[in-house]
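The block underneath contains the structure these notes are about, expressed in structure tokens.
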Amino acid sequence: MTEFDPELIEGARKTFAGPVTFLKSAPALNFLPDAIVPEVAFAGRSNVGKSSLLNALTNRNGLARTSNTPGRTQELNFFDIGDPVKFRLVDMPGYGFAKAPKDVVKKWRFLVNDYLRGRDVLKRVLVLIDSRHGIKDVDREILDMLDAAAVSYRIVMTKGDKIKPAELADVTERTIAEARKRPAAHPDILATSSEKNDGIAELRAAVIEAVSV
């Protein structure tokens, strides 16, 4: 686990304890909100636990929609943090959904790729990886996309409570080794559990760190 300054941890807690509101959904680039504050985006394979992690991060049960149907969210969802707004979280559409029609997958690729390449206020993407599986080929596709777009990203392991500590340590080490070979990746990763609240304080600090650069 990455070590963060206690003051940063506490400041991040206070920030996320303040106002957090849903702003809008953007099905295409012309629906994006004005680029007036920094943004941190969350990307992950469908069913990786992205909505649950966003809810844990903001300490709000219903902020991000959770679903038993992977791939339901096919828009960029924007959330304002603070009042006045300090920064925004962006919930990106889940990828790797096997049952989605090809035209939906194509639309997803265009939307995400255009957003990543053209959003000047995007400070970092947090790529969520299921601890039970580690980085899969479908994850490498998004990592390749981020590397090609020269967008800074950091890998966050989810569902760390679903496997044994020794297994989590092993998959974490393998993930770190792969991340450090990639040009746009942060060299350190975070391990989290939405259910147990493990790593959530550090994740908040990582978000604040990203928007403060």
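In the structure tokens, chains take letters A, B, ... by order of appearance, with residues numbered from 1 within each chain and ligands from 1 in the order shown.
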Contact residues around A:Leu111 with only C-alpha atoms at 8 Å, ignoring same-chain residues under 6 positions, as a PyMOL selection string: chain A and resi 27-29
Please identify all polymer residues within 8 Å of stretch 48-63 of chain A, counting only C-alpha atoms, omitting same-chain residues fewer than 3 positions from it, and present them as a list in words.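 Listed by chain and then number, they are Phe16, Ala17, Val20, Thr21, Phe22, Phe42, Ala43, Gly44, Arg45, Thr66, Leu128, Ile129, Asp130, Thr158, Lys159, Ser193, Ser194, Asn197, Ile200, Ala201, Leu203 and Arg204 of chain A.
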Would you mind exporting N, CA and C atoms of the selected residues as an mmCIF file, in the first residue's frame?
data_model
loop_
_atom_site.group_PDB
_atom_site.id
_atom_site.type_symbol
_atom_site.label_atom_id
_atom_site.label_comp_id
_atom_site.auth_asym_id
_atom_site.auth_seq_id
_atom_site.Cartn_x
_atom_site.Cartn_y
_atom_site.Cartn_z
ATOM 1 N N PHE A 16 -14.164 14.833 0.854
ATOM 2 C CA PHE A 16 -15.211 13.910 0.423
ATOM 3 C C PHE A 16 -16.374 13.844 1.405
ATOM 4 N N ALA A 17 -16.184 14.411 2.607
ATOM 5 C CA ALA A 17 -17.289 14.510 3.552
ATOM 6 C C ALA A 17 -18.189 15.696 3.223
ATOM 7 N N VAL A 20 -21.120 16.405 -2.489
ATOM 8 C CA VAL A 20 -20.830 15.582 -3.665
ATOM 9 C C VAL A 20 -22.147 15.416 -4.415
ATOM 10 N N THR A 21 -22.202 15.911 -5.632
ATOM 11 C CA THR A 21 -23.469 15.880 -6.366
ATOM 12 C C THR A 21 -23.278 15.375 -7.789
ATOM 13 N N PHE A 22 -24.280 14.679 -8.278
ATOM 14 C CA PHE A 22 -24.288 14.249 -9.671
ATOM 15 C C PHE A 22 -24.538 15.465 -10.553
ATOM 16 N N PHE A 42 -12.669 7.270 -13.661
ATOM 17 C CA PHE A 42 -12.597 5.887 -13.201
ATOM 18 C C PHE A 42 -12.954 4.973 -14.360
ATOM 19 N N ALA A 43 -12.045 4.061 -14.687
ATOM 20 C CA ALA A 43 -12.276 3.108 -15.763
ATOM 21 C C ALA A 43 -12.161 1.699 -15.210
ATOM 22 N N GLY A 44 -12.908 0.774 -15.784
ATOM 23 C CA GLY A 44 -12.816 -0.601 -15.312
ATOM 24 C C GLY A 44 -13.694 -1.527 -16.112
ATOM 25 N N ARG A 45 -13.301 -2.780 -16.121
ATOM 26 C CA ARG A 45 -14.090 -3.802 -16.789
ATOM 27 C C ARG A 45 -15.449 -3.914 -16.112
ATOM 28 N N THR A 66 -25.336 0.882 -9.021
ATOM 29 C CA THR A 66 -24.804 -0.469 -9.142
ATOM 30 C C THR A 66 -25.845 -1.325 -9.844
ATOM 31 N N LEU A 128 -9.472 0.350 -12.631
ATOM 32 C CA LEU A 128 -9.804 -0.641 -11.612
ATOM 33 C C LEU A 128 -9.590 -2.055 -12.147
ATOM 34 N N ILE A 129 -8.896 -2.849 -11.362
ATOM 35 C CA ILE A 129 -8.582 -4.238 -11.719
ATOM 36 C C ILE A 129 -9.086 -5.154 -10.606
ATOM 37 N N ASP A 130 -9.836 -6.171 -10.964
ATOM 38 C CA ASP A 130 -10.365 -7.140 -10.001
ATOM 39 C C ASP A 130 -9.216 -7.958 -9.408
ATOM 40 N N THR A 158 -9.493 -3.860 -6.896
ATOM 41 C CA THR A 158 -10.770 -3.902 -6.192
ATOM 42 C C THR A 158 -11.022 -5.291 -5.606
ATOM 43 N N LYS A 159 -11.992 -5.357 -4.708
ATOM 44 C CA LYS A 159 -12.454 -6.618 -4.127
ATOM 45 C C LYS A 159 -11.328 -7.388 -3.434
ATOM 46 N N SER A 193 -10.983 -2.480 -0.886
ATOM 47 C CA SER A 193 -12.184 -3.302 -0.720
ATOM 48 C C SER A 193 -13.324 -2.372 -0.339
ATOM 49 N N SER A 194 -14.332 -2.287 -1.199
ATOM 50 C CA SER A 194 -15.483 -1.428 -0.912
ATOM 51 C C SER A 194 -16.245 -1.919 0.302
ATOM 52 N N ASN A 197 -13.984 -1.376 3.380
ATOM 53 C CA ASN A 197 -13.460 -0.005 3.430
ATOM 54 C C ASN A 197 -11.936 0.039 3.433
ATOM 55 N N ILE A 200 -9.672 2.793 1.175
ATOM 56 C CA ILE A 200 -10.517 3.898 0.715
ATOM 57 C C ILE A 200 -9.904 5.245 1.106
ATOM 58 N N ALA A 201 -9.371 5.354 2.312
ATOM 59 C CA ALA A 201 -8.733 6.597 2.738
ATOM 60 C C ALA A 201 -7.559 6.942 1.823
ATOM 61 N N LEU A 203 -7.237 5.908 -1.278
ATOM 62 C CA LEU A 203 -7.777 6.234 -2.597
ATOM 63 C C LEU A 203 -8.218 7.692 -2.646
ATOM 64 N N ARG A 204 -8.870 8.147 -1.586
ATOM 65 C CA ARG A 204 -9.251 9.565 -1.520
ATOM 66 C C ARG A 204 -8.016 10.451 -1.617
#
Name all residues at most 10 Å from A:Arg119 (count only C-alpha atoms; drop same-chain ones fewer than 2 positions away) and give them as a list in words.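 Contacts, in chain order: Leu29, Leu32, Ala35, Pro38, Glu39, Asp114, Tyr115, Leu116, Arg117, Val121, Leu122, Lys123 and Val151 of chain A.
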I want to know what sits within 12 Å of A:Tyr153, based on only C-alpha atoms, with residues of the same chain fewer than 6 positions away left out; could you give that as a PyMOL selection string? chain A and resi 40-43+116+122-128+142-147+179-180+182-190+206-207+210
Pull the strand (DSSP E or B) assignments for chain A out of DSSP run on the backbone, and list those residues as a PyMOL selection string. chain A and resi 20-26+39-45+76-81+87-91+95+122-130+153-158+185+190-191+193+198
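Across A:Ser131, A:Lys162, A:Ala150, A:Glu209, the tightest approach to A:Arg174 is made by A:Ser131 when counting only C-alpha atoms.
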What lies within 9 Å of A:Gln74 using only C-alpha atoms, ignoring chain neighbours under 3 positions off, as a PyMOL selection string? chain A and resi 27+71+92-94+104+107-108
Find the distance between atom CA of A:Leu76 and atom CA of A:Phe110 and write it in Å to one decimal.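 Interatomic distance, atom CA of A:Leu76 to atom CA of A:Phe110: 12.1 Å.
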Env of A:Ile163: 12 Å cut, atoms = only C-alpha atoms, seq-sep filter 2 positions within chain, self excluded. Answer as a list in words.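 Within the cut-off, the hits are Asp130, Ser131, Arg132, His133, Gly134, Met157, Thr158, Lys159, Gly160, Asp161, Pro165, Ala166, Glu167, Leu168, Ala169, Asp170, Val171, Thr172, Ala191, Thr192 and Ser193 of chain A.
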Atom CA of A:Val90 and atom CA of A:Asn30, how far apart in Å?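 Atom CA of A:Val90 lies 15.7 Å from atom CA of A:Asn30.
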Using atom CA of A:Val37 and atom CA of A:Pro84 as the two end points, give the distance in Å to one decimal.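 Computing the Euclidean distance for atom CA of A:Val37 and atom CA of A:Pro84 yields 10.5 Å.
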So which one's closest to A:Gly82, A:Lys136, A:Arg154, A:Lys181, A:Lys14? Using only C-alpha atoms, please.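 Looking only at the distances to A:Gly82, the closest residue turns out to be A:Lys14.
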Once DSSP has gone over the backbone, tell me which residues of stretch 61-143 of chain A are in helix (DSSP H, G or I), as a ChimeraX atom specification. /A:102-118,137-143
